[in-house]
Each structure stands twice: as C-alpha cells, then as structure tokens.
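Peer 1: Dropping in protein15.cif, with mmCIF, C-alpha atoms.
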data_work
#
loop_
_atom_site.label_atom_id
_atom_site.label_comp_id
_atom_site.auth_asym_id
_atom_site.auth_seq_id
_atom_site.Cartn_x
_atom_site.Cartn_y
_atom_site.Cartn_z
CA MET A 227 0.00 0.00 0.00
CA MET A 228 2.81 2.37 0.95
CA ALA A 229 4.67 1.48 -2.25
CA LYS A 230 1.54 2.22 -4.26
CA ASN A 231 1.10 5.62 -2.57
CA ALA A 232 4.78 6.42 -3.13
CA THR A 233 4.43 5.56 -6.84
CA LEU A 234 1.29 7.72 -7.07
CA SER A 235 3.01 10.64 -5.32
CA GLY A 236 6.02 10.27 -7.61
CA GLY A 237 3.75 10.34 -10.68
CA VAL A 238 1.94 13.47 -9.48
CA LEU A 239 5.24 15.18 -8.65
CA LYS A 240 6.62 14.32 -12.08
CA LYS A 241 3.50 15.74 -13.75
CA VAL A 242 3.70 18.97 -11.71
CA ILE A 243 7.42 19.41 -12.50
CA LEU A 244 6.76 18.78 -16.20
CA SER A 245 3.84 21.24 -16.28
CA TYR A 246 5.82 24.04 -14.67
CA THR A 247 8.81 23.28 -16.91
CA TYR A 248 6.59 23.84 -19.95
CA LEU A 249 5.26 27.02 -18.33
CA ALA A 250 8.81 28.29 -17.70
CA ILE A 251 9.75 27.55 -21.33
CA TRP A 252 6.66 29.49 -22.49
CA ILE A 253 7.54 32.48 -20.27
CA VAL A 254 11.14 32.53 -21.56
CA LEU A 255 10.12 32.19 -25.23
CA SER A 256 7.33 34.77 -24.95
CA GLY A 257 9.71 37.26 -23.36
CA THR A 258 12.38 36.44 -25.95
CA VAL A 259 10.03 37.11 -28.89
CA ILE A 260 8.89 40.42 -27.37
CA VAL A 261 12.45 41.63 -26.69
CA TYR A 262 13.69 40.34 -30.06
CA ASN A 263 10.91 42.18 -31.93
CA LYS A 264 11.75 45.33 -29.97
CA TYR A 265 15.43 44.94 -30.89
CA ILE A 266 14.65 44.58 -34.62
CA LEU A 267 12.09 47.39 -34.85
CA ASP A 268 13.63 50.00 -32.55
CA LYS A 269 15.43 52.76 -34.47
CA LYS A 270 18.05 53.00 -31.71
CA LEU A 271 18.91 49.27 -31.87
CA TYR A 272 18.80 47.17 -35.06
CA ASP A 273 16.90 49.95 -36.85
CA TRP A 274 14.57 47.95 -39.11
CA PRO A 275 11.27 49.82 -38.50
CA PHE A 276 9.00 47.72 -40.73
CA PRO A 277 6.38 46.04 -38.50
CA ILE A 278 4.20 44.82 -41.38
CA SER A 279 7.17 43.14 -43.09
CA LEU A 280 8.32 41.55 -39.82
CA THR A 281 4.83 40.19 -39.13
CA MET A 282 4.55 38.87 -42.70
CA ILE A 283 7.91 37.09 -42.32
CA HIS A 284 6.60 35.47 -39.12
CA MET A 285 3.31 34.42 -40.76
CA GLY A 286 5.02 33.02 -43.86
CA PHE A 287 7.51 31.04 -41.78
CA CYS A 288 4.85 29.73 -39.36
CA SER A 289 2.53 28.80 -42.24
CA SER A 290 5.27 26.73 -43.89
CA LEU A 291 6.28 24.93 -40.70
CA ALA A 292 2.65 24.32 -39.68
CA PHE A 293 1.95 22.82 -43.13
CA PHE A 294 5.03 20.60 -42.74
CA LEU A 295 3.97 19.36 -39.28
CA VAL A 296 0.32 18.82 -40.23
CA ARG A 297 0.48 17.53 -43.81
CA ILE A 298 3.93 15.96 -44.15
CA LEU A 299 4.84 14.63 -40.69
CA LYS A 300 1.19 14.37 -39.56
CA LEU A 301 2.22 15.11 -35.96
CA VAL A 302 -0.86 17.21 -35.23
CA GLU A 303 -4.47 16.11 -35.59
CA LEU A 304 -6.32 18.48 -37.89
CA PHE A 305 -9.91 19.59 -37.33
CA THR A 306 -11.42 19.64 -40.84
CA LEU A 307 -13.23 22.88 -41.63
CA SER A 308 -15.77 23.36 -44.38
CA ARG A 309 -15.29 26.17 -46.89
CA ARG A 310 -18.26 28.04 -45.42
CA VAL A 311 -16.85 27.86 -41.88
CA TYR A 312 -13.42 28.95 -43.10
CA PHE A 313 -14.73 32.03 -44.91
CA THR A 314 -17.32 33.07 -42.30
CA CYS A 315 -15.41 32.20 -39.11
CA VAL A 316 -11.68 31.76 -39.66
CA LEU A 317 -11.06 34.62 -42.11
CA PRO A 318 -12.58 37.35 -39.86
CA ILE A 319 -10.43 36.08 -36.98
CA GLY A 320 -7.38 36.06 -39.28
CA ALA A 321 -8.08 39.65 -40.35
CA LEU A 322 -8.30 40.82 -36.73
CA TYR A 323 -5.19 38.84 -35.76
CA SER A 324 -3.13 40.38 -38.56
CA LEU A 325 -4.30 43.89 -37.58
CA SER A 326 -3.55 43.22 -33.91
CA LEU A 327 -0.02 42.00 -34.68
CA TRP A 328 0.65 44.93 -37.01
CA LEU A 329 -0.45 47.49 -34.40
CA SER A 330 1.34 45.82 -31.45
CA ASN A 331 4.62 45.44 -33.37
CA SER A 332 4.36 49.06 -34.52
CA ALA A 333 4.08 50.19 -30.89
CA TYR A 334 7.57 48.81 -30.15
CA ILE A 335 9.05 51.53 -32.36
CA TYR A 336 7.69 54.25 -30.06
CA LEU A 337 7.32 52.73 -26.57
CA SER A 338 9.48 50.82 -24.11
CA VAL A 339 8.95 47.11 -23.46
CA SER A 340 8.06 47.79 -19.81
CA PHE A 341 5.41 50.41 -20.63
CA ILE A 342 3.82 48.20 -23.29
CA GLN A 343 3.41 45.38 -20.72
CA MET A 344 1.69 47.86 -18.40
CA LEU A 345 -0.74 48.92 -21.15
CA LYS A 346 -1.50 45.25 -21.90
CA ALA A 347 -3.04 45.01 -18.42
CA LEU A 348 -6.12 46.62 -20.03
CA MET A 349 -6.85 43.39 -21.93
CA PRO A 350 -9.42 42.04 -19.39
CA VAL A 351 -11.18 45.43 -19.48
CA ALA A 352 -11.42 45.33 -23.28
CA VAL A 353 -12.51 41.66 -23.38
CA TYR A 354 -15.20 42.20 -20.73
CA THR A 355 -16.53 45.39 -22.36
CA ILE A 356 -16.69 43.88 -25.86
CA GLY A 357 -18.22 40.72 -24.37
CA ILE A 358 -21.05 42.83 -22.93
CA LEU A 359 -21.56 44.69 -26.24
CA LEU A 360 -21.72 41.39 -28.17
CA LYS A 361 -23.93 39.83 -25.44
CA LYS A 362 -21.32 37.24 -24.51
CA GLU A 363 -20.88 38.60 -20.96
CA SER A 364 -23.48 39.83 -18.48
CA PHE A 365 -23.08 43.22 -16.83
CA LYS A 366 -22.11 43.07 -13.14
CA LYS A 367 -21.42 46.12 -11.01
CA SER A 368 -18.67 44.39 -9.01
CA THR A 369 -16.84 43.29 -12.17
CA MET A 370 -17.20 46.73 -13.75
CA CYS A 371 -15.77 48.36 -10.61
CA ASN A 372 -12.83 45.97 -10.88
CA MET A 373 -12.38 46.95 -14.54
CA LEU A 374 -12.44 50.61 -13.49
CA ALA A 375 -9.69 49.94 -10.91
CA ILE A 376 -7.52 48.30 -13.60
CA SER A 377 -8.09 51.27 -15.92
CA ILE A 378 -7.16 53.77 -13.17
CA GLY A 379 -3.99 51.79 -12.44
CA VAL A 380 -2.95 51.83 -16.12
CA ALA A 381 -3.77 55.56 -16.31
CA ILE A 382 -1.49 56.22 -13.31
CA ALA A 383 1.27 54.14 -14.94
CA ALA A 384 0.83 56.12 -18.17
CA TYR A 385 0.95 59.43 -16.28
CA GLY A 386 4.22 58.35 -14.67
CA GLU A 387 5.81 57.30 -17.97
CA SER A 388 8.90 59.42 -18.60
CA LYS A 389 8.99 58.70 -22.36
CA PHE A 390 5.29 58.96 -23.12
CA ASP A 391 4.45 58.90 -26.84
CA SER A 392 0.78 59.53 -27.66
CA PHE A 393 1.00 57.88 -31.11
CA GLY A 394 2.64 54.77 -29.68
CA VAL A 395 0.07 54.58 -26.88
CA SER A 396 -2.74 54.90 -29.45
CA LEU A 397 -1.25 52.03 -31.47
CA GLN A 398 -0.99 49.78 -28.40
CA LEU A 399 -4.50 50.59 -27.16
CA LEU A 400 -5.93 49.89 -30.62
CA SER A 401 -4.01 46.61 -30.63
CA VAL A 402 -5.57 45.65 -27.27
CA LEU A 403 -9.03 46.56 -28.57
CA VAL A 404 -8.61 44.52 -31.78
CA GLU A 405 -7.13 41.54 -29.92
CA ALA A 406 -9.97 41.59 -27.38
CA THR A 407 -12.50 41.61 -30.24
CA ARG A 408 -10.70 38.63 -31.79
CA LEU A 409 -10.81 36.68 -28.51
CA VAL A 410 -14.54 37.29 -28.09
CA LEU A 411 -15.21 36.35 -31.73
CA ILE A 412 -13.32 33.08 -31.23
CA GLN A 413 -15.86 32.22 -28.52
CA ILE A 414 -18.79 33.26 -30.72
CA LEU A 415 -17.68 31.91 -34.12
CA LEU A 416 -15.63 28.84 -33.18
CA ASN A 417 -16.08 27.62 -29.60
CA SER A 418 -19.89 27.93 -29.71
CA LYS A 419 -19.86 25.58 -32.72
CA GLY A 420 -17.64 23.05 -30.99
CA ILE A 421 -14.60 24.00 -33.08
CA LYS A 422 -11.48 23.99 -30.89
CA LEU A 423 -8.16 24.38 -32.66
CA ASN A 424 -4.79 23.80 -31.02
CA PRO A 425 -2.09 26.45 -31.67
CA ILE A 426 -0.48 24.52 -34.55
CA ALA A 427 -3.82 23.92 -36.30
CA THR A 428 -4.66 27.58 -35.70
CA LEU A 429 -1.43 28.61 -37.43
CA TYR A 430 -2.18 26.20 -40.27
CA TYR A 431 -5.55 27.85 -40.93
CA VAL A 432 -5.00 31.45 -39.77
CA ALA A 433 -1.36 32.30 -40.62
CA PRO A 434 -1.79 32.12 -44.45
CA SER A 435 -4.83 34.44 -44.29
CA CYS A 436 -2.86 36.82 -42.05
CA PHE A 437 -0.07 36.92 -44.62
CA VAL A 438 -2.56 37.79 -47.38
CA PHE A 439 -4.33 40.45 -45.30
CA LEU A 440 -1.02 42.07 -44.30
CA SER A 441 0.20 42.16 -47.90
CA ILE A 442 -2.49 44.75 -48.73
CA PRO A 443 -1.21 47.57 -46.44
CA TRP A 444 2.37 46.41 -47.05
CA VAL A 445 2.10 47.26 -50.77
CA PHE A 446 1.07 50.85 -49.96
CA VAL A 447 2.97 51.53 -46.72
CA GLU A 448 6.30 49.67 -46.69
CA LEU A 449 7.02 48.47 -50.23
CA PRO A 450 7.62 52.03 -51.54
CA VAL A 451 10.14 52.60 -48.71
CA PHE A 452 11.91 49.34 -49.54
CA LYS A 453 12.20 50.43 -53.18
CA GLU A 454 13.46 53.86 -52.20
CA ARG A 455 16.08 52.66 -49.70
CA GLY A 456 17.06 49.47 -51.49
CA PHE A 457 16.40 47.28 -48.44
CA GLY A 458 16.02 43.55 -48.87
CA LEU A 459 19.26 43.14 -50.80
CA ASP A 460 21.15 42.91 -47.49
CA PHE A 461 18.57 40.73 -45.73
CA ASP A 462 20.07 39.28 -42.52
CA PHE A 463 18.96 35.62 -42.55
CA MET A 464 20.58 34.93 -39.17
CA VAL A 465 18.62 37.65 -37.34
CA PHE A 466 15.28 37.09 -39.02
CA GLY A 467 15.66 33.29 -39.16
CA THR A 468 16.29 33.00 -35.42
CA ASN A 469 13.50 35.51 -34.76
CA CYS A 470 11.06 33.36 -36.75
CA LEU A 471 12.22 30.19 -35.00
CA CYS A 472 11.57 31.83 -31.63
CA ALA A 473 8.09 32.88 -32.77
CA PHE A 474 7.24 29.36 -33.95
CA ALA A 475 8.77 27.77 -30.84
CA LEU A 476 6.52 30.06 -28.79
CA ASN A 477 3.46 28.56 -30.50
CA LEU A 478 4.74 25.06 -29.79
CA ALA A 479 5.23 26.06 -26.14
CA VAL A 480 1.64 27.34 -26.03
CA PHE A 481 0.54 23.96 -27.40
CA LEU A 482 2.41 22.15 -24.59
CA VAL A 483 1.24 24.52 -21.83
CA VAL A 484 -2.41 24.39 -22.89
CA GLY A 485 -2.28 20.60 -23.01
CA ASN A 486 -0.61 20.16 -19.62
CA THR A 487 -1.87 23.03 -17.44
CA SER A 488 -5.02 25.04 -16.84
CA ALA A 489 -6.07 28.42 -18.22
CA LEU A 490 -5.58 29.91 -14.76
CA THR A 491 -1.97 28.68 -14.67
CA MET A 492 -1.34 30.38 -18.01
CA ASN A 493 -2.86 33.61 -16.68
CA ILE A 494 -0.61 33.49 -13.61
CA GLY A 495 2.34 32.69 -15.86
CA GLY A 496 1.44 35.70 -18.00
CA VAL A 497 1.51 37.98 -14.95
CA VAL A 498 4.91 36.58 -13.92
CA LYS A 499 6.16 37.11 -17.48
CA ASP A 500 5.03 40.76 -17.46
CA TRP A 501 6.84 41.49 -14.19
CA LEU A 502 9.99 39.74 -15.45
CA LEU A 503 9.86 41.74 -18.68
CA ILE A 504 9.50 44.99 -16.75
CA ALA A 505 12.50 44.04 -14.61
CA PHE A 506 14.50 42.99 -17.70
CA SER A 507 13.55 46.16 -19.55
CA TRP A 508 14.72 48.30 -16.62
CA SER A 509 17.92 46.41 -15.73
CA VAL A 510 19.23 45.23 -19.13
CA ILE A 511 17.69 47.44 -21.84
CA LYS A 512 17.93 50.40 -19.44
CA ASP A 513 14.37 51.57 -20.05
CA SER A 514 13.15 54.14 -17.58
CA VAL A 515 10.71 52.76 -14.98
CA THR A 516 9.45 55.38 -12.53
CA PRO A 517 7.92 54.76 -9.05
CA LEU A 518 4.60 56.05 -10.41
CA ASN A 519 4.82 53.42 -13.19
CA LEU A 520 5.14 50.69 -10.58
CA VAL A 521 2.37 52.06 -8.35
CA GLY A 522 -0.04 52.27 -11.30
CA TYR A 523 0.85 48.85 -12.66
CA GLY A 524 0.68 47.38 -9.14
CA LEU A 525 -2.92 48.61 -8.84
CA ALA A 526 -3.77 47.23 -12.28
CA PHE A 527 -2.05 43.94 -11.37
CA LEU A 528 -4.23 43.56 -8.26
CA GLY A 529 -7.32 44.19 -10.38
CA VAL A 530 -6.29 41.59 -12.95
CA ALA A 531 -5.47 39.08 -10.19
CA TYR A 532 -8.90 39.60 -8.61
CA TYR A 533 -10.57 39.25 -12.03
CA ASN A 534 -8.77 35.92 -12.58
CA HIS A 535 -9.85 34.81 -9.10
CA GLN A 536 -13.48 35.63 -9.94
CA LYS A 537 -13.27 33.70 -13.22
CA LEU A 538 -11.80 30.69 -11.37
CA GLN A 539 -14.62 30.74 -8.81
CA THR A 540 -17.19 30.92 -11.62
CA LEU A 541 -15.58 27.94 -13.37
CA LYS A 542 -15.52 25.95 -10.11
CA ALA A 543 -19.21 26.73 -9.50
CA LYS A 544 -20.09 25.58 -13.03
CA GLU A 545 -18.10 22.36 -12.60
CA ALA A 546 -19.80 21.67 -9.25
CA GLU A 547 -23.20 22.31 -10.82
CA LYS A 548 -22.41 19.88 -13.65
CA LYS A 549 -21.33 17.20 -11.17
CA CYS A 550 -24.52 17.64 -9.12
CA GLN A 551 -26.61 17.42 -12.28
CA LEU A 552 -24.83 14.23 -13.37
CA GLN A 553 -25.29 12.68 -9.92
CA GLN A 554 -28.96 13.62 -9.95
CA ASP A 555 -29.40 12.12 -13.42
CA ASP A 556 -27.65 8.91 -12.31
CA GLU A 557 -29.89 8.66 -9.23
CA GLU A 558 -33.03 9.21 -11.32
CA GLU A 559 -31.86 6.62 -13.84
CA GLY A 560 -31.10 4.16 -11.04
CA GLY A 561 -34.49 4.82 -9.46
CA GLY A 562 -36.18 4.31 -12.80
CA LEU A 563 -34.46 0.95 -13.30
CA LEU A 564 -35.45 -0.17 -9.79
CA LEU A 565 -39.05 0.86 -10.41
CA THR A 566 -39.10 -1.03 -13.71
CA GLU A 567 -37.82 -4.20 -12.01
CA ARG A 568 -40.51 -3.91 -9.34
CA GLU A 569 -43.20 -3.42 -11.98
CA GLN A 570 -41.96 -6.47 -13.85
CA ASN A 571 -41.92 -8.54 -10.65
CA GLY A 572 -45.42 -7.31 -9.80
CA THR A 573 -46.74 -8.23 -13.25
CA GLY A 574 -45.25 -11.72 -12.96
CA GLU A 575 -46.90 -12.33 -9.58
CA LYS A 576 -50.29 -11.24 -10.93
CA GLY A 577 -49.92 -13.51 -13.92
CA ASP A 578 -49.13 -16.48 -11.66
CA SER A 579 -52.18 -15.83 -9.48
CA GLN A 580 -54.47 -15.60 -12.53
CA TYR A 581 -53.43 -19.09 -13.62
#
Give the structure from this file in structure tokens form.
Peer 2:
Amino acid sequence: MMAKNATLSGGVLKKVILSYTYLAIWIVLSGTVIVYNKYILDKKLYDWPFPISLTMIHMGFCSSLAFFLVRILKLVELFTLSRRVYFTCVLPIGALYSLSLWLSNSAYIYLSVSFIQMLKALMPVAVYTIGILLKKESFKKSTMCNMLAISIGVAIAAYGESKFDSFGVSLQLLSVLVEATRLVLIQILLNSKGIKLNPIATLYYVAPSCFVFLSIPWVFVELPVFKERGFGLDFDFMVFGTNCLCAFALNLAVFLVVGNTSALTMNIGGVVKDWLLIAFSWSVIKDSVTPLNLVGYGLAFLGVAYYNHQKLQTLKAKEAEKKCQLQQDDEEEGGGLLLTEREQNGTGEKGDSQY
C-alpha cells in the first residue's frame, strides 16, 4: 500500500514538475520574442522599422512549418473545416489577428517594453466590455468596478511614464481593442460551434490568411520605402531566421502549456512574465521605470489578479453544478431501473395468481 502511494506521489510530482517546466519555457520564449521584436524594430537598436514586413515574415515562416507538421509529418491532428466555416469564421479572426499584430509590433518603435506590458493590463477590461456589447458577458457592477480599478492603475502608470508617446500609446491601445475583439469572436464563431483548434492547427488555418491580409497595407505603406532605400538586398537571414524560429517555438510552447496546465496557470504565468519583462527592460535594456509606473501597474495587477480569481470561482461553480446534475441524473436513472424491475416482478406475480 505504501509502495503504491509512493508511486502515485512520484507520478503526481513528475506531472507537476513537467507542467511548470513547460510554463517556464513558455515564459522565456514569450519574453524572448517580445524583446527580439523590440530589438529589430527599434530605431536606436537594429533599426529595421517595418512592423508589417516583420509580421509577414513570421506568418510566412509559421505557415510553412505548420503545413510541414500537419500535412507531411502528420504530428498534429487536424480539425477539418468546411469552406463556409473557413470564410465566415476563420477569415474574420485572421483579419483581426493580422491587424492586432501589425499594431502591437508598430508600438515597439515608439514605446518601451516595460510600458507596453503595463498597457496590456487593459486586456481584461477590453474583453469584458466587448463581451457585454456582443452579449457574450453579463453586466455586473462588481466586475465593472474591478475593470475601473484596472483602468485607473494603467492611467497612473501612463501618467508616470517618462517617455510617453501619444501615437505609440494609441497604437498599443488599438491593438488591445482589436485583440480583445478577436478573442470574443473566437468564442462566438468557433467555440460555440464546438470548433477547438490547437495552436499549430490555428497557425495552419490562420497564418496564411494573415499573410494575405497584411500584404495589402504592405504594398502601400512599406514596399515604396523598400524600393526607395534598397532594403532587402542585405537581408540578414541569421537575425530574421532565429526571430522566426523563436516565434514558432513560442506557438509550440503554447501547445504544450495548454495541453498540460489550466487556463488559470497560463494567466498566472502571463503575470509573472510581465513582471519579469518589466525588470529585464529596466535592468538590461535600461528603459526608464518610474515609481509612479510601478504604483499604477501594481494597482492594475491587483485588479487583474482579482478578475482571474473571480473567473476561477465561476468555473468551479459551473463544474460543481455539472457534477450535481450528473449525480442527480444517475440517481433518477437508477431509481427508474429499480421501479421497472418492481413493476416487472409485480406483473409476474399477478400472472401467476391468474393461472
């Protein structure tokens, strides 16, 4: 018995260690992609300020590797989508995703990594607000007060930003708004229809459409600059190749984390990642982080943490309700079977007495 318990404890411990190893890999890769993109786009660093081109390179690379994994190696199970579902559900999500990536990558040209992470704390506010507008969320005063606290915290952090750039802030806020809309539409267009795609399958379907959507503004915004400056002839395959590999590895890490941990664990990991990025931005990149920045982000962080706690409690309540319903159904089914047996026995006894 003791040996069995020891084996069970060892198995649980191994699973926990593996889960948090995947989470750590995701945090490192996510931070690496963010800092790498900042390095490439920032005019004071690598000085390649072409966010549309960088995003298109990512999408083209990820599309090719996803196709290789899905169609050639067949390592990932593919959820088959009809043409109607692809055009009415996947393409709108792809359009929003491409716009979100374009805007967020553009913001790195104007804002510090640390300040961008602080602005991203507004994501729950945007998701909740859009969810209410699209009737996916119900209005609650307590939740709205929490959203207001997060917004005030971000506003304080923005007020304390020493290198505030209104255009960069506008780009990042628009990116948050577009990304929140995409997340809500995924629930409405895909999840409600029972379509759940893993990150690799998502790249397989969405990345090619993103590449096509991004090529439209690229022709008018960045292609003329490339022609004028003669860029592209000295394309650095080492820099952009490793950048693309990091971006694809991040999607693989998401695949592993989603499969081995909970959504709450990912949310907590995201918060840890943001704090680590702020610390890295301040200590290594030498971005300015003021006390008012930290006070504002600290308030927003508490609001986000409380929001995640509320979502967890709601999920637990729903799971408990489902279990109770299943138990009730099992009891009713068992009672029905018992009643049927009694009826059959009663019928047999009456038949015997009639003879």
Peer 1: Could you list, as an NGL selection string, every residue within 10 Å of range 416-425 of chain A, counting all atoms listed in the file and ignoring same-chain residues fewer than 5 positions away?
Peer 2: :A and (292 or 302-307 or 311 or 315-316 or 319 or 410-411 or 430-432 or 476-482 or 484-485)
Peer 1: Kindly provide the residues of range 510-543 of chain A that approach range 378-401 of chain A to within 6 Å, each paired with its closest atom pair and their distance in Å to one decimal, based on all atoms listed in the file, listed by chain and increasing number, as CSV.
Peer 2:
residue,atom,partner,partner_atom,distance
A:Leu518,CA,A:Gly386,CA,4.9
A:Asn519,CA,A:Ala383,CA,4.0
A:Gly522,CA,A:Gly379,CA,4.1
A:Tyr523,CA,A:Gly379,CA,5.7
A:Leu525,CA,A:Gly379,CA,4.9
A:Ala526,CA,A:Gly379,CA,4.6
Peer 1: Using the chain letters and residue numbers of this document, give as a PyMOL selection string the residues selected by the PyMOL selection byres ((chain A and resi 352) around 12).
Peer 2: chain A and resi 345-351+353-359+363+370+373-374+376-377+399-410
Peer 1: Up to 9 Å from (10.8, 48.9, -32.5) in the file's coordinates: name the residues, counting all atoms listed in the file, as a compact mmCIF listing (two decimals) with C-alpha atoms, in the coordinates of the input.
Peer 2:
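Okay, this is what ended up in point-v7.txt:
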# COMPACT_ATOMS: atom_id res chain seq x y z
CA ASN A 263 10.91 42.18 -31.93
CA LYS A 264 11.75 45.33 -29.97
CA TYR A 265 15.43 44.94 -30.89
CA ILE A 266 14.65 44.58 -34.62
CA LEU A 267 12.09 47.39 -34.85
CA ASP A 268 13.63 50.00 -32.55
CA LYS A 269 15.43 52.76 -34.47
CA LYS A 270 18.05 53.00 -31.71
CA LEU A 271 18.91 49.27 -31.87
CA TYR A 272 18.80 47.17 -35.06
CA ASP A 273 16.90 49.95 -36.85
CA TRP A 274 14.57 47.95 -39.11
CA PRO A 275 11.27 49.82 -38.50
CA PHE A 276 9.00 47.72 -40.73
CA PRO A 277 6.38 46.04 -38.50
CA ASN A 331 4.62 45.44 -33.37
CA SER A 332 4.36 49.06 -34.52
CA ALA A 333 4.08 50.19 -30.89
CA TYR A 334 7.57 48.81 -30.15
CA ILE A 335 9.05 51.53 -32.36
CA TYR A 336 7.69 54.25 -30.06
CA LEU A 337 7.32 52.73 -26.57
CA SER A 338 9.48 50.82 -24.11
Peer 1: Please check which residues have atoms at most 7 Å from (0.7, 39.6, -19.6) in the file's coordinates, counting all atoms listed in the file, and write them as an mmCIF file with C-alpha atoms, keeping the file's coordinate frame.
Peer 2:
data_model
loop_
_atom_site.group_PDB
_atom_site.id
_atom_site.type_symbol
_atom_site.label_atom_id
_atom_site.label_comp_id
_atom_site.auth_asym_id
_atom_site.auth_seq_id
_atom_site.Cartn_x
_atom_site.Cartn_y
_atom_site.Cartn_z
ATOM 1 C CA GLN A 343 3.410 45.380 -20.720
ATOM 2 C CA LYS A 346 -1.500 45.250 -21.900
ATOM 3 C CA ALA A 347 -3.040 45.010 -18.420
ATOM 4 C CA GLY A 496 1.440 35.700 -18.000
ATOM 5 C CA VAL A 497 1.510 37.980 -14.950
ATOM 6 C CA LYS A 499 6.160 37.110 -17.480
ATOM 7 C CA ASP A 500 5.030 40.760 -17.460
#
Peer 1: Can you measure CA of Cys288 in chain A to CA of Ala473 in chain A for me? One decimal in Å is fine.
Peer 2: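 Going from CA of Cys288 in chain A over to CA of Ala473 in chain A, I get 8.0 Å.
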Peer 1: Suppose a student applies the PyMOL selection byres ((chain A and resi 506) around 12) to this structure; what residues should they get, written as a ChimeraX atom specification?
Peer 2: /A:254,257-258,260-261,338-340,343,499-505,507-515
Peer 1: Can you tell me which residues surround Trp444 in chain A at a distance of at most 9 Å, considering only C-alpha atoms, apart from same-chain residues fewer than 3 positions away, and format the answer as a PyMOL selection string?
Peer 2: chain A and resi 278-279+282+440-441+447-450
Peer 1: Go ahead and write the selection's residues with C-alpha atoms as a short mmCIF file (atom, residue, chain, number, x, y, z; two decimals), in the frame of the given file.
Peer 2:
data_model
loop_
_atom_site.label_atom_id
_atom_site.label_comp_id
_atom_site.auth_asym_id
_atom_site.auth_seq_id
_atom_site.Cartn_x
_atom_site.Cartn_y
_atom_site.Cartn_z
CA ILE A 278 4.20 44.82 -41.38
CA SER A 279 7.17 43.14 -43.09
CA MET A 282 4.55 38.87 -42.70
CA LEU A 440 -1.02 42.07 -44.30
CA SER A 441 0.20 42.16 -47.90
CA VAL A 447 2.97 51.53 -46.72
CA GLU A 448 6.30 49.67 -46.69
CA LEU A 449 7.02 48.47 -50.23
CA PRO A 450 7.62 52.03 -51.54
#
Peer 1: Between A:Ser256, A:Thr428, A:Ser364, A:Thr314, which residue has the minimum interatomic distance to Phe293 in chain A, considering all atoms listed in the file?
Peer 2: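 Once distances to Phe293 in chain A are computed over all atoms listed in the file, the minimum belongs to A:Thr428.
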Peer 1: Between CA of Asn534 in chain A and CA of Leu244 in chain A, what is the spacing in Å?
Peer 2: 23.4 Å
Peer 1: So how many Å separate CA of Val521 in chain A and CA of Ala375 in chain A, to one decimal?
Peer 2: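 Going from CA of Val521 in chain A over to CA of Ala375 in chain A covers 12.5 Å.
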Peer 1: Which is closer to Ile253 in chain A than all the others in A:Ile342, A:Ala546, A:Val530, A:Ala475, using only C-alpha atoms?
Peer 2: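 Using only C-alpha atoms, Ile253 in chain A sits closest to A:Ala475.
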Peer 1: Using all atoms listed in the file, which of the listed residues (A:Ile442, A:Leu291, A:Leu317, A:Met344) sits closest to Ile412 in chain A?
Peer 2: A:Leu317
Peer 1: Point out the residue among A:Val465, A:Leu538, A:Ile494, A:Leu360 with the least atom-to-atom distance to Leu249 in chain A, counting all atoms listed in the file.
Peer 2: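 Closest to Leu249 in chain A, using all atoms listed in the file: A:Ile494.
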Peer 1: With all atoms listed in the file as the counted atoms, please give the residues lying no more than 12 Å from Lys537 in chain A, apart from itself and same-chain residues fewer than 4 positions off, as a list in words.
Peer 2: Pro350, Tyr354, Glu363, Thr369, Ala489, Leu490, Asn493, Val530, Ala531, Tyr532, Tyr533, Leu541, Lys542, Ala543 and Lys544 of chain A
Peer 1: What would the file look like if the residues just selected were written as a compact mmCIF listing (two decimals), keeping the file's coordinate frame with C-alpha atoms?
Peer 2:
# COMPACT_ATOMS: atom_id res chain seq x y z
CA PRO A 350 -9.42 42.04 -19.39
CA TYR A 354 -15.20 42.20 -20.73
CA GLU A 363 -20.88 38.60 -20.96
CA THR A 369 -16.84 43.29 -12.17
CA ALA A 489 -6.07 28.42 -18.22
CA LEU A 490 -5.58 29.91 -14.76
CA ASN A 493 -2.86 33.61 -16.68
CA VAL A 530 -6.29 41.59 -12.95
CA ALA A 531 -5.47 39.08 -10.19
CA TYR A 532 -8.90 39.60 -8.61
CA TYR A 533 -10.57 39.25 -12.03
CA LEU A 541 -15.58 27.94 -13.37
CA LYS A 542 -15.52 25.95 -10.11
CA ALA A 543 -19.21 26.73 -9.50
CA LYS A 544 -20.09 25.58 -13.03
